[in-house]
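Peer 1: I'd like to ask some things about the structure below.
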2 protein chains.
Amino acid sequence: MIPKSHPRATSLLIREKLVEGFDNGLVAKEGLIAYGRGETFDYLLGEKTTKNAKKAIKAAALALILAKSPVISVNGNIAALCAKEIVQLARIVDAKIEVNLFYSDKKRKQNIARLLKKKGAKEILGLDLKSSRRISDLDSPRRVVDKDGIYAADTVLVPLEDGDRTLALKKAGKQVITFDLNPLSRTAQTADITMVDNVVRGLKDLIKECKKLEKNPENIQFNNKRNLSEAINEIRKNLSRRARYA
Amino acid sequence: MIPKSHPRATSLLIREKLVEGFDNGLVAKEGLIAYGRGETFDYLLGEKTTKNAKKAIKAAALALILAKSPVISVNGNIAALCAKEIVQLARIVDAKIEVNLFYSDKKRKQNIARLLKKKGAKEILGLDLKSSRRISDLDSPRRVVDKDGIYAADTVLVPLEDGDRTLALKKAGKQVITFDLNPLSRTAQTADITMVDNVVRGLKDLIKECKKLEKNPENIQFNNKRNLSEAINEIRKNLSRRARYA
């Protein structure tokens with residue numbers, strides 16, 4: 001029970017959603033910790049979608065619309081927090097959905113797939129061992145991907161991704177789009193488009209942008225490294241406002 | 001299984017220790033997330049004990065030695081990561097140990113007490129309902145403290161504490177010493193002495209300092225707000241090294 005008077009009650013309530021996802025067999029224990037890491041960056045960013053995040057979201061929307069064979073990679077955390085939005089986005093940009101876990105677990109994969117189907121997804125890739133392929137340069141179980149999904153994709157949206165895998169996906173020639181609250185992470189720095197935003201906020205915005213751009217396509221100038229620098233400076237600015245010795 | 005080639009393997013291995021603590025019924029699910037929050041600050045601080053942390057550790061050591069009735073407040077995370085060190089420290093500074101949880105749970109309390117006793121603690125407070133007292137100005141279950149422990153203490157070491165409780169302990173007239181990796185948190189800002197350090201490293205250093213100061217007491221100048229500003233600036237410096245757009 002979180003007391004309502006607690007000044008971080010909202011953040012604690014989102015936290016409870018992830019805990020619920022854990023209780024429902026979607027989220028790994030390590031996923032709870034990883035989420036906490038993101039929470040801190042969100043806190044340092046002011047718990048709002050920043051201007052640079054909006055820029056990246058727009059660029060990501062355009063990239064997803066223009067992609068020939070986009071795939072959305074889903075892990076336990078993103079399923080627990082945004083299952084409905086994942087299915088919506090996949091429908092709008094005509095993307096496939098593939099379950100891919102860092103801490104591999106057959107039962108958890110099935111739970112995630114079941115939830116996504118409940119939210120309206122028709123097909124979930126990544127569960128059938130017969131269609132599994134390996135991407136090179138990767139130690140972890142995450143190197144196993146679906147031949148009809150990530151293996152064949154030109155563009156992969158990897159929300160909340162591990163750095164090793166982002167690198168491997170880049171080496172395999174994919175365009176990589178990611179949500180990562182840590183603008184310094186290897187994933188953030190390696191991806192083509194990094195949305196430094198909380199997925200709970202950012203994915204809703206991404207869906208809106210996709211709908212908008214689908215009707216009125218725009219030409220977008222986007223430089224990921226420059227945009228990440230802006231995100232880092234945002235954190236520094238927020239810190240300096242509080243660092244002054246009074 | 002964490003691949004050894006992963007560049008964050010060390011951090012991931014400490015994470016596993018907490019997960020183990022979870023499996024052994026010491027750590028709350030929310031504790032896993034809270035730990036992740038700290039991980040990010042540790043990462044931003046360079047995953048090392050900084051100069052300002054060392055200053056605070058020295059000040060904390062002196063305060064604990066000089067205290068008349070010091071108490072160490074123990075929750076699931078600190079028990080999972082540092083049970084042995086908690087017992088060592090309590091012995092050196094003649095402090096009582098009290099189990100006090102944010103997410104209260106009788107079974108978890110007992111598990112924590114059992115582990116501390118296994119590590120050599122003679123008495124663990126906070127388990128006997130008959131000796132419970134309430135500190136005012138606090139909603140959460142954490143307001144329940146032991147009449148022979150925190151209730152009667154002049155100095156309380158609260159590693160990994162909640163902001164509400166730190167405020168309540170201050171209002172109750174206690175000297176509060178804390179470990180908090182977030183130099184901006186209410187706990188960090190409210191406590192008398194805040195060690196901005198990972199408990200896994202910092203508690204070992206605190207024990208060393210206590211042993212040293214016990215033999216050769218020193219006069220120490222310490223200003224917590226100024227020291228916290230230094231911690232914040234450390235993070236800003238680390239961020240700016242990487243923020244430059246190349």
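Each chain in the structure tokens gets a letter, A, B, ..., in the order shown, and its residues are numbered from 1; ligands are numbered from 1 in order too.
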Which chain B residues are at most 6 Å from chain A (counting only C-alpha atoms), as a ChimeraX atom specification?

Peer 2: /B:32-34,36-37,40,226,229,232,236,243,245

Peer 1: Only C-alpha atoms, please: the residues just picked out, written as an mmCIF file, in the first residue's frame.

Peer 2:
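Written output follows (selection.cif):
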```
data_model
loop_
_atom_site.group_PDB
_atom_site.id
_atom_site.type_symbol
_atom_site.label_atom_id
_atom_site.label_comp_id
_atom_site.auth_asym_id
_atom_site.auth_seq_id
_atom_site.Cartn_x
_atom_site.Cartn_y
_atom_site.Cartn_z
ATOM 1 C CA LEU B 32 14.396 -4.770 -6.792
ATOM 2 C CA ILE B 33 13.119 -1.712 -8.637
ATOM 3 C CA ALA B 34 14.393 0.677 -5.974
ATOM 4 C CA GLY B 36 17.790 -0.282 -10.003
ATOM 5 C CA ARG B 37 17.234 3.390 -9.292
ATOM 6 C CA THR B 40 21.846 4.395 -12.279
ATOM 7 C CA ARG B 226 27.923 21.362 0.622
ATOM 8 C CA SER B 229 26.454 19.685 -3.959
ATOM 9 C CA ILE B 232 25.756 16.441 -7.788
ATOM 10 C CA ARG B 236 27.375 16.653 -13.949
ATOM 11 C CA ALA B 243 27.833 14.904 -23.794
ATOM 12 C CA TYR B 245 28.791 16.180 -29.813
#
```

Peer 1: For Lys58 (chain A), find every residue with an atom within 8 Å (counting only C-alpha atoms), except residues of its own chain fewer than 3 positions away, and show them as number ranges by chain.

Peer 2: A: 54-55, 61-62, 206, 209-210, 220

Peer 1: For Lys109 (chain A), list every protein, DNA or RNA residue within 9 Å, evaluated using only C-alpha atoms, and leave out those in the same chain fewer than 4 positions away; present the list as a PyMOL selection string.

Peer 2: chain A and resi 26+75-76+99-101+104-105+113-114+126-127

Peer 1: Please run DSSP on the backbone and report, as a PDB file with all heavy atoms, in the first residue's frame, all residues within region 9-243 of chain A that come out as strand (DSSP E).

Peer 2:
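The result, written out as out.pdb:
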```
ATOM      1  N   PRO A  70       9.072  -3.808 -41.110  1.00  0.00           N
ATOM      2  CA  PRO A  70       9.387  -3.463 -39.718  1.00  0.00           C
ATOM      3  C   PRO A  70       8.946  -4.550 -38.747  1.00  0.00           C
ATOM      4  O   PRO A  70       7.946  -5.242 -38.987  1.00  0.00           O
ATOM      5  CB  PRO A  70       8.585  -2.185 -39.484  1.00  0.00           C
ATOM      6  CG  PRO A  70       7.418  -2.282 -40.428  1.00  0.00           C
ATOM      7  CD  PRO A  70       7.918  -3.050 -41.636  1.00  0.00           C
ATOM      8  N   VAL A  71       9.723  -4.696 -37.685  1.00  0.00           N
ATOM      9  CA  VAL A  71       9.368  -5.644 -36.625  1.00  0.00           C
ATOM     10  C   VAL A  71       9.491  -4.939 -35.278  1.00  0.00           C
ATOM     11  O   VAL A  71      10.433  -4.169 -35.056  1.00  0.00           O
ATOM     12  CB  VAL A  71      10.289  -6.890 -36.651  1.00  0.00           C
ATOM     13  CG1 VAL A  71      10.065  -7.763 -35.414  1.00  0.00           C
ATOM     14  CG2 VAL A  71      10.046  -7.699 -37.908  1.00  0.00           C
ATOM     15  N   ILE A  72       8.538  -5.193 -34.396  1.00  0.00           N
ATOM     16  CA  ILE A  72       8.618  -4.675 -33.030  1.00  0.00           C
ATOM     17  C   ILE A  72       9.044  -5.818 -32.123  1.00  0.00           C
ATOM     18  O   ILE A  72       8.387  -6.852 -32.062  1.00  0.00           O
ATOM     19  CB  ILE A  72       7.261  -4.105 -32.552  1.00  0.00           C
ATOM     20  CG1 ILE A  72       6.762  -3.022 -33.529  1.00  0.00           C
ATOM     21  CG2 ILE A  72       7.386  -3.537 -31.138  1.00  0.00           C
ATOM     22  CD1 ILE A  72       5.343  -2.512 -33.227  1.00  0.00           C
ATOM     23  N   SER A  73      10.163  -5.632 -31.450  1.00  0.00           N
ATOM     24  CA  SER A  73      10.682  -6.650 -30.537  1.00  0.00           C
ATOM     25  C   SER A  73      10.111  -6.392 -29.142  1.00  0.00           C
ATOM     26  O   SER A  73      10.188  -5.283 -28.630  1.00  0.00           O
ATOM     27  CB  SER A  73      12.214  -6.560 -30.526  1.00  0.00           C
ATOM     28  OG  SER A  73      12.753  -7.520 -29.657  1.00  0.00           O
ATOM     29  N   VAL A  74       9.530  -7.414 -28.549  1.00  0.00           N
ATOM     30  CA  VAL A  74       8.840  -7.226 -27.276  1.00  0.00           C
ATOM     31  C   VAL A  74       9.492  -8.058 -26.174  1.00  0.00           C
ATOM     32  O   VAL A  74       9.750  -9.242 -26.348  1.00  0.00           O
ATOM     33  CB  VAL A  74       7.345  -7.620 -27.414  1.00  0.00           C
ATOM     34  CG1 VAL A  74       6.633  -7.557 -26.070  1.00  0.00           C
ATOM     35  CG2 VAL A  74       6.644  -6.689 -28.412  1.00  0.00           C
ATOM     36  N   LYS A  96       5.428  -6.531 -37.820  1.00  0.00           N
ATOM     37  CA  LYS A  96       5.270  -7.803 -37.123  1.00  0.00           C
ATOM     38  C   LYS A  96       5.690  -7.630 -35.671  1.00  0.00           C
ATOM     39  O   LYS A  96       6.442  -6.709 -35.339  1.00  0.00           O
ATOM     40  CB  LYS A  96       6.126  -8.872 -37.800  1.00  0.00           C
ATOM     41  CG  LYS A  96       5.561  -9.226 -39.183  1.00  0.00           C
ATOM     42  CD  LYS A  96       6.365 -10.294 -39.849  1.00  0.00           C
ATOM     43  CE  LYS A  96       5.694 -10.638 -41.194  1.00  0.00           C
ATOM     44  NZ  LYS A  96       6.552 -11.520 -42.000  1.00  0.00           N
ATOM     45  N   ILE A  97       5.207  -8.516 -34.821  1.00  0.00           N
ATOM     46  CA  ILE A  97       5.582  -8.466 -33.400  1.00  0.00           C
ATOM     47  C   ILE A  97       6.345  -9.745 -33.072  1.00  0.00           C
ATOM     48  O   ILE A  97       5.886 -10.845 -33.368  1.00  0.00           O
ATOM     49  CB  ILE A  97       4.330  -8.350 -32.489  1.00  0.00           C
ATOM     50  CG1 ILE A  97       3.552  -7.066 -32.816  1.00  0.00           C
ATOM     51  CG2 ILE A  97       4.739  -8.362 -31.020  1.00  0.00           C
ATOM     52  CD1 ILE A  97       2.227  -6.927 -32.049  1.00  0.00           C
ATOM     53  N   GLU A  98       7.516  -9.570 -32.459  1.00  0.00           N
ATOM     54  CA  GLU A  98       8.314 -10.747 -32.087  1.00  0.00           C
ATOM     55  C   GLU A  98       8.689 -10.657 -30.604  1.00  0.00           C
ATOM     56  O   GLU A  98       9.159  -9.637 -30.127  1.00  0.00           O
ATOM     57  CB  GLU A  98       9.582 -10.808 -32.950  1.00  0.00           C
ATOM     58  CG  GLU A  98      10.511 -11.947 -32.568  1.00  0.00           C
ATOM     59  CD  GLU A  98      11.626 -12.186 -33.590  1.00  0.00           C
ATOM     60  OE1 GLU A  98      11.496 -11.773 -34.769  1.00  0.00           O
ATOM     61  OE2 GLU A  98      12.637 -12.791 -33.199  1.00  0.00           O
ATOM     62  N   VAL A  99       8.465 -11.744 -29.894  1.00  0.00           N
ATOM     63  CA  VAL A  99       8.872 -11.783 -28.487  1.00  0.00           C
ATOM     64  C   VAL A  99      10.339 -12.193 -28.426  1.00  0.00           C
ATOM     65  O   VAL A  99      10.750 -13.193 -29.019  1.00  0.00           O
ATOM     66  CB  VAL A  99       8.015 -12.785 -27.675  1.00  0.00           C
ATOM     67  CG1 VAL A  99       8.471 -12.815 -26.222  1.00  0.00           C
ATOM     68  CG2 VAL A  99       6.540 -12.388 -27.745  1.00  0.00           C
ATOM     69  N   ILE A 124       2.094 -13.670 -33.342  1.00  0.00           N
ATOM     70  CA  ILE A 124       3.255 -13.327 -32.508  1.00  0.00           C
ATOM     71  C   ILE A 124       4.409 -14.245 -32.900  1.00  0.00           C
ATOM     72  O   ILE A 124       4.300 -15.466 -32.779  1.00  0.00           O
ATOM     73  CB  ILE A 124       2.933 -13.505 -31.005  1.00  0.00           C
ATOM     74  CG1 ILE A 124       1.722 -12.672 -30.593  1.00  0.00           C
ATOM     75  CG2 ILE A 124       4.153 -13.147 -30.151  1.00  0.00           C
ATOM     76  CD1 ILE A 124       1.889 -11.172 -30.696  1.00  0.00           C
ATOM     77  N   LEU A 125       5.502 -13.655 -33.347  1.00  0.00           N
ATOM     78  CA  LEU A 125       6.670 -14.440 -33.738  1.00  0.00           C
ATOM     79  C   LEU A 125       7.608 -14.635 -32.546  1.00  0.00           C
ATOM     80  O   LEU A 125       7.463 -13.994 -31.515  1.00  0.00           O
ATOM     81  CB  LEU A 125       7.414 -13.742 -34.873  1.00  0.00           C
ATOM     82  CG  LEU A 125       6.588 -13.477 -36.139  1.00  0.00           C
ATOM     83  CD1 LEU A 125       7.367 -12.589 -37.098  1.00  0.00           C
ATOM     84  CD2 LEU A 125       6.206 -14.786 -36.825  1.00  0.00           C
ATOM     85  N   SER A 132      13.465 -20.497 -35.838  1.00  0.00           N
ATOM     86  CA  SER A 132      14.521 -19.695 -35.224  1.00  0.00           C
ATOM     87  C   SER A 132      15.787 -19.668 -36.080  1.00  0.00           C
ATOM     88  O   SER A 132      16.163 -20.654 -36.704  1.00  0.00           O
ATOM     89  CB  SER A 132      14.831 -20.215 -33.827  1.00  0.00           C
ATOM     90  OG  SER A 132      15.496 -21.454 -33.905  1.00  0.00           O
ATOM     91  N   ARG A 133      16.417 -18.484 -36.121  1.00  0.00           N
ATOM     92  CA  ARG A 133      17.708 -18.280 -36.776  1.00  0.00           C
ATOM     93  C   ARG A 133      18.614 -17.551 -35.800  1.00  0.00           C
ATOM     94  O   ARG A 133      18.130 -16.922 -34.865  1.00  0.00           O
ATOM     95  CB  ARG A 133      17.547 -17.419 -38.036  1.00  0.00           C
ATOM     96  CG  ARG A 133      16.774 -18.055 -39.142  1.00  0.00           C
ATOM     97  CD  ARG A 133      17.570 -19.160 -39.848  1.00  0.00           C
ATOM     98  NE  ARG A 133      16.770 -19.760 -40.916  1.00  0.00           N
ATOM     99  CZ  ARG A 133      15.834 -20.690 -40.747  1.00  0.00           C
ATOM    100  NH1 ARG A 133      15.559 -21.131 -39.525  1.00  0.00           N
ATOM    101  NH2 ARG A 133      15.171 -21.172 -41.780  1.00  0.00           N
ATOM    102  N   ARG A 134      19.912 -17.602 -36.048  1.00  0.00           N
ATOM    103  CA  ARG A 134      20.816 -16.894 -35.156  1.00  0.00           C
ATOM    104  C   ARG A 134      21.439 -15.690 -35.850  1.00  0.00           C
ATOM    105  O   ARG A 134      21.861 -15.799 -36.993  1.00  0.00           O
ATOM    106  CB  ARG A 134      21.936 -17.834 -34.700  1.00  0.00           C
ATOM    107  CG  ARG A 134      21.406 -18.835 -33.733  1.00  0.00           C
ATOM    108  CD  ARG A 134      22.423 -19.860 -33.331  1.00  0.00           C
ATOM    109  NE  ARG A 134      21.800 -20.707 -32.312  1.00  0.00           N
ATOM    110  CZ  ARG A 134      22.463 -21.354 -31.373  1.00  0.00           C
ATOM    111  NH1 ARG A 134      23.773 -21.263 -31.313  1.00  0.00           N
ATOM    112  NH2 ARG A 134      21.820 -22.075 -30.481  1.00  0.00           N
ATOM    113  N   VAL A 144      18.979 -15.546 -30.784  1.00  0.00           N
ATOM    114  CA  VAL A 144      17.994 -16.351 -31.505  1.00  0.00           C
ATOM    115  C   VAL A 144      16.811 -15.461 -31.901  1.00  0.00           C
ATOM    116  O   VAL A 144      16.175 -14.852 -31.053  1.00  0.00           O
ATOM    117  CB  VAL A 144      17.502 -17.532 -30.641  1.00  0.00           C
ATOM    118  CG1 VAL A 144      16.422 -18.317 -31.367  1.00  0.00           C
ATOM    119  CG2 VAL A 144      18.673 -18.433 -30.271  1.00  0.00           C
ATOM    120  N   VAL A 145      16.588 -15.363 -33.194  1.00  0.00           N
ATOM    121  CA  VAL A 145      15.478 -14.551 -33.697  1.00  0.00           C
ATOM    122  C   VAL A 145      14.625 -15.368 -34.662  1.00  0.00           C
ATOM    123  O   VAL A 145      14.995 -16.477 -35.047  1.00  0.00           O
ATOM    124  CB  VAL A 145      15.994 -13.278 -34.416  1.00  0.00           C
ATOM    125  CG1 VAL A 145      16.736 -12.359 -33.456  1.00  0.00           C
ATOM    126  CG2 VAL A 145      16.885 -13.645 -35.595  1.00  0.00           C
ATOM    127  N   ASP A 146      13.522 -14.829 -35.043  1.00  0.00           N
ATOM    128  CA  ASP A 146      12.589 -15.551 -35.915  1.00  0.00           C
ATOM    129  C   ASP A 146      12.917 -15.251 -37.378  1.00  0.00           C
ATOM    130  O   ASP A 146      13.116 -14.099 -37.764  1.00  0.00           O
ATOM    131  CB  ASP A 146      11.158 -15.120 -35.586  1.00  0.00           C
ATOM    132  CG  ASP A 146      10.138 -16.111 -36.114  1.00  0.00           C
ATOM    133  OD1 ASP A 146      10.064 -16.293 -37.355  1.00  0.00           O
ATOM    134  OD2 ASP A 146       9.421 -16.711 -35.290  1.00  0.00           O
ATOM    135  N   THR A 155      13.891  -2.964 -40.543  1.00  0.00           N
ATOM    136  CA  THR A 155      13.823  -2.004 -39.444  1.00  0.00           C
ATOM    137  C   THR A 155      13.284  -2.706 -38.203  1.00  0.00           C
ATOM    138  O   THR A 155      12.277  -3.405 -38.278  1.00  0.00           O
ATOM    139  CB  THR A 155      12.886  -0.841 -39.819  1.00  0.00           C
ATOM    140  OG1 THR A 155      13.422  -0.189 -40.985  1.00  0.00           O
ATOM    141  CG2 THR A 155      12.762   0.172 -38.693  1.00  0.00           C
ATOM    142  N   VAL A 156      13.962  -2.512 -37.081  1.00  0.00           N
ATOM    143  CA  VAL A 156      13.509  -3.151 -35.842  1.00  0.00           C
ATOM    144  C   VAL A 156      13.325  -2.097 -34.757  1.00  0.00           C
ATOM    145  O   VAL A 156      14.225  -1.302 -34.491  1.00  0.00           O
ATOM    146  CB  VAL A 156      14.519  -4.214 -35.347  1.00  0.00           C
ATOM    147  CG1 VAL A 156      13.914  -5.050 -34.218  1.00  0.00           C
ATOM    148  CG2 VAL A 156      14.975  -5.114 -36.477  1.00  0.00           C
ATOM    149  N   LEU A 157      12.147  -2.087 -34.172  1.00  0.00           N
ATOM    150  CA  LEU A 157      11.916  -1.238 -33.005  1.00  0.00           C
ATOM    151  C   LEU A 157      12.192  -2.089 -31.772  1.00  0.00           C
ATOM    152  O   LEU A 157      11.512  -3.095 -31.536  1.00  0.00           O
ATOM    153  CB  LEU A 157      10.472  -0.710 -32.981  1.00  0.00           C
ATOM    154  CG  LEU A 157      10.062   0.040 -31.699  1.00  0.00           C
ATOM    155  CD1 LEU A 157      10.891   1.309 -31.494  1.00  0.00           C
ATOM    156  CD2 LEU A 157       8.576   0.391 -31.725  1.00  0.00           C
ATOM    157  N   VAL A 158      13.213  -1.705 -31.030  1.00  0.00           N
ATOM    158  CA  VAL A 158      13.573  -2.457 -29.825  1.00  0.00           C
ATOM    159  C   VAL A 158      13.408  -1.546 -28.613  1.00  0.00           C
ATOM    160  O   VAL A 158      14.315  -0.827 -28.241  1.00  0.00           O
ATOM    161  CB  VAL A 158      15.012  -3.016 -29.914  1.00  0.00           C
ATOM    162  CG1 VAL A 158      15.078  -4.238 -30.791  1.00  0.00           C
ATOM    163  CG2 VAL A 158      15.986  -1.968 -30.426  1.00  0.00           C
ATOM    164  N   PRO A 159      12.229  -1.576 -27.991  1.00  0.00           N
ATOM    165  CA  PRO A 159      12.086  -0.740 -26.808  1.00  0.00           C
ATOM    166  C   PRO A 159      12.803  -1.435 -25.656  1.00  0.00           C
ATOM    167  O   PRO A 159      12.713  -2.654 -25.528  1.00  0.00           O
ATOM    168  CB  PRO A 159      10.574  -0.714 -26.560  1.00  0.00           C
ATOM    169  CG  PRO A 159       9.949  -1.608 -27.586  1.00  0.00           C
ATOM    170  CD  PRO A 159      11.015  -2.362 -28.276  1.00  0.00           C
ATOM    171  N   GLN A 175      18.067  -1.284 -39.582  1.00  0.00           N
ATOM    172  CA  GLN A 175      17.853   0.048 -39.033  1.00  0.00           C
ATOM    173  C   GLN A 175      17.249  -0.161 -37.642  1.00  0.00           C
ATOM    174  O   GLN A 175      16.223  -0.822 -37.506  1.00  0.00           O
ATOM    175  CB  GLN A 175      16.891   0.848 -39.919  1.00  0.00           C
ATOM    176  CG  GLN A 175      16.537   2.209 -39.334  1.00  0.00           C
ATOM    177  CD  GLN A 175      15.668   3.037 -40.271  1.00  0.00           C
ATOM    178  OE1 GLN A 175      15.986   4.156 -40.617  1.00  0.00           O
ATOM    179  NE2 GLN A 175      14.542   2.472 -40.686  1.00  0.00           N
ATOM    180  N   VAL A 176      17.894   0.387 -36.594  1.00  0.00           N
ATOM    181  CA  VAL A 176      17.433   0.130 -35.229  1.00  0.00           C
ATOM    182  C   VAL A 176      16.837   1.392 -34.607  1.00  0.00           C
ATOM    183  O   VAL A 176      17.463   2.453 -34.598  1.00  0.00           O
ATOM    184  CB  VAL A 176      18.583  -0.396 -34.338  1.00  0.00           C
ATOM    185  CG1 VAL A 176      18.100  -0.615 -32.906  1.00  0.00           C
ATOM    186  CG2 VAL A 176      19.145  -1.694 -34.901  1.00  0.00           C
ATOM    187  N   ILE A 177      15.636   1.237 -34.118  1.00  0.00           N
ATOM    188  CA  ILE A 177      14.940   2.334 -33.425  1.00  0.00           C
ATOM    189  C   ILE A 177      14.697   1.875 -31.995  1.00  0.00           C
ATOM    190  O   ILE A 177      14.266   0.745 -31.771  1.00  0.00           O
ATOM    191  CB  ILE A 177      13.583   2.631 -34.102  1.00  0.00           C
ATOM    192  CG1 ILE A 177      13.808   2.950 -35.590  1.00  0.00           C
ATOM    193  CG2 ILE A 177      12.869   3.782 -33.405  1.00  0.00           C
ATOM    194  CD1 ILE A 177      12.511   3.061 -36.379  1.00  0.00           C
ATOM    195  N   THR A 178      14.985   2.743 -31.026  1.00  0.00           N
ATOM    196  CA  THR A 178      14.844   2.286 -29.642  1.00  0.00           C
ATOM    197  C   THR A 178      14.272   3.340 -28.714  1.00  0.00           C
ATOM    198  O   THR A 178      14.343   4.537 -28.998  1.00  0.00           O
ATOM    199  CB  THR A 178      16.218   1.814 -29.097  1.00  0.00           C
ATOM    200  OG1 THR A 178      16.034   1.127 -27.862  1.00  0.00           O
ATOM    201  CG2 THR A 178      17.165   2.979 -28.855  1.00  0.00           C
ATOM    202  N   PHE A 179      13.665   2.878 -27.631  1.00  0.00           N
ATOM    203  CA  PHE A 179      13.379   3.718 -26.475  1.00  0.00           C
ATOM    204  C   PHE A 179      14.448   3.407 -25.441  1.00  0.00           C
ATOM    205  O   PHE A 179      14.628   2.246 -25.065  1.00  0.00           O
ATOM    206  CB  PHE A 179      12.012   3.375 -25.847  1.00  0.00           C
ATOM    207  CG  PHE A 179      10.841   4.010 -26.523  1.00  0.00           C
ATOM    208  CD1 PHE A 179      10.085   3.300 -27.446  1.00  0.00           C
ATOM    209  CD2 PHE A 179      10.486   5.319 -26.238  1.00  0.00           C
ATOM    210  CE1 PHE A 179       8.990   3.885 -28.077  1.00  0.00           C
ATOM    211  CE2 PHE A 179       9.390   5.908 -26.859  1.00  0.00           C
ATOM    212  CZ  PHE A 179       8.645   5.199 -27.781  1.00  0.00           C
ATOM    213  N   ILE A 193      17.886   5.650 -34.343  1.00  0.00           N
ATOM    214  CA  ILE A 193      16.990   6.641 -33.741  1.00  0.00           C
ATOM    215  C   ILE A 193      16.711   6.230 -32.303  1.00  0.00           C
ATOM    216  O   ILE A 193      16.198   5.138 -32.042  1.00  0.00           O
ATOM    217  CB  ILE A 193      15.655   6.747 -34.512  1.00  0.00           C
ATOM    218  CG1 ILE A 193      15.928   7.122 -35.983  1.00  0.00           C
ATOM    219  CG2 ILE A 193      14.737   7.772 -33.856  1.00  0.00           C
ATOM    220  CD1 ILE A 193      14.700   7.036 -36.878  1.00  0.00           C
ATOM    221  N   THR A 194      17.072   7.096 -31.358  1.00  0.00           N
ATOM    222  CA  THR A 194      16.892   6.800 -29.938  1.00  0.00           C
ATOM    223  C   THR A 194      15.898   7.779 -29.328  1.00  0.00           C
ATOM    224  O   THR A 194      16.144   8.979 -29.309  1.00  0.00           O
ATOM    225  CB  THR A 194      18.231   6.929 -29.181  1.00  0.00           C
ATOM    226  OG1 THR A 194      19.207   6.114 -29.833  1.00  0.00           O
ATOM    227  CG2 THR A 194      18.075   6.515 -27.723  1.00  0.00           C
ATOM    228  N   MET A 195      14.803   7.245 -28.856  1.00  0.00           N
ATOM    229  CA  MET A 195      13.833   8.082 -28.148  1.00  0.00           C
ATOM    230  C   MET A 195      14.142   8.014 -26.656  1.00  0.00           C
ATOM    231  O   MET A 195      13.921   6.982 -26.033  1.00  0.00           O
ATOM    232  CB  MET A 195      12.408   7.597 -28.448  1.00  0.00           C
ATOM    233  CG  MET A 195      12.033   7.753 -29.925  1.00  0.00           C
ATOM    234  SD  MET A 195      10.532   6.843 -30.390  1.00  0.00           S
ATOM    235  CE  MET A 195      11.172   5.161 -30.532  1.00  0.00           C
TER     236      MET A 195
END
```

Peer 1: Between B:Lys211, B:Lys130, B:Arg241, B:Lys107, single out the one closest to Arg91 (chain B), counting only C-alpha atoms.

Peer 2: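 Using only C-alpha atoms, Arg91 (chain B) sits closest to B:Lys211.
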
Peer 1: Could you give me the residues within region 12-55 of chain B that DSSP places in helix (DSSP H, G or I), as JSON, numbers by chain?

Peer 2: {"B": [12, 13, 14, 15, 16, 17, 18, 19, 20, 21, 22, 23, 29, 30, 31, 32, 33, 34, 35, 36, 37, 38, 39, 40, 41, 42, 43, 44, 51, 52, 53, 54, 55]}

Peer 1: Excluding Val93 (chain B) and residues on its chain fewer than 3 positions from it, collect all residues at most 7 Å away from it, counting only C-alpha atoms, and give them as a PyMOL selection string.

Peer 2: chain B and resi 64-65+89-90

Peer 1: Would you output that residue set with N, CA, C and O atoms, as a PDB file, in the first residue's frame?

Peer 2:
```pdb
ATOM      1  N   LEU B  64      28.781   7.960  14.691  1.00  0.00           N
ATOM      2  CA  LEU B  64      28.357   6.667  15.247  1.00  0.00           C
ATOM      3  C   LEU B  64      29.146   6.322  16.507  1.00  0.00           C
ATOM      4  O   LEU B  64      28.597   5.784  17.474  1.00  0.00           O
ATOM      5  N   ILE B  65      30.427   6.653  16.496  1.00  0.00           N
ATOM      6  CA  ILE B  65      31.259   6.370  17.674  1.00  0.00           C
ATOM      7  C   ILE B  65      30.830   7.229  18.856  1.00  0.00           C
ATOM      8  O   ILE B  65      30.768   6.763  20.002  1.00  0.00           O
ATOM      9  N   LEU B  89      29.532  -3.780  11.888  1.00  0.00           N
ATOM     10  CA  LEU B  89      29.443  -2.364  12.254  1.00  0.00           C
ATOM     11  C   LEU B  89      28.750  -2.191  13.598  1.00  0.00           C
ATOM     12  O   LEU B  89      29.201  -1.422  14.460  1.00  0.00           O
ATOM     13  N   ALA B  90      27.644  -2.913  13.782  1.00  0.00           N
ATOM     14  CA  ALA B  90      26.895  -2.814  15.039  1.00  0.00           C
ATOM     15  C   ALA B  90      27.783  -3.170  16.227  1.00  0.00           C
ATOM     16  O   ALA B  90      27.723  -2.529  17.282  1.00  0.00           O
TER      17      ALA B  90
END
```

Peer 1: Would you work out the distance separating CA of Asn24 (chain B) from CA of Asn77 (chain A), expressed in Å to one decimal?

Peer 2: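 Going from CA of Asn24 (chain B) over to CA of Asn77 (chain A), I get 23.1 Å.
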
Peer 1: For CA of Lys117 (chain A) and CA of Ala153 (chain A), quote the distance in Å rounded to one decimal.

Peer 2: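 If I compute the distance from CA of Lys117 (chain A) to CA of Ala153 (chain A), I get 21.2 Å.
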
Peer 1: Expressed in Å to a single decimal, how great is the separation between CA of Ile112 (chain B) and CA of Ala152 (chain B)?

Peer 2: 21.9 Å
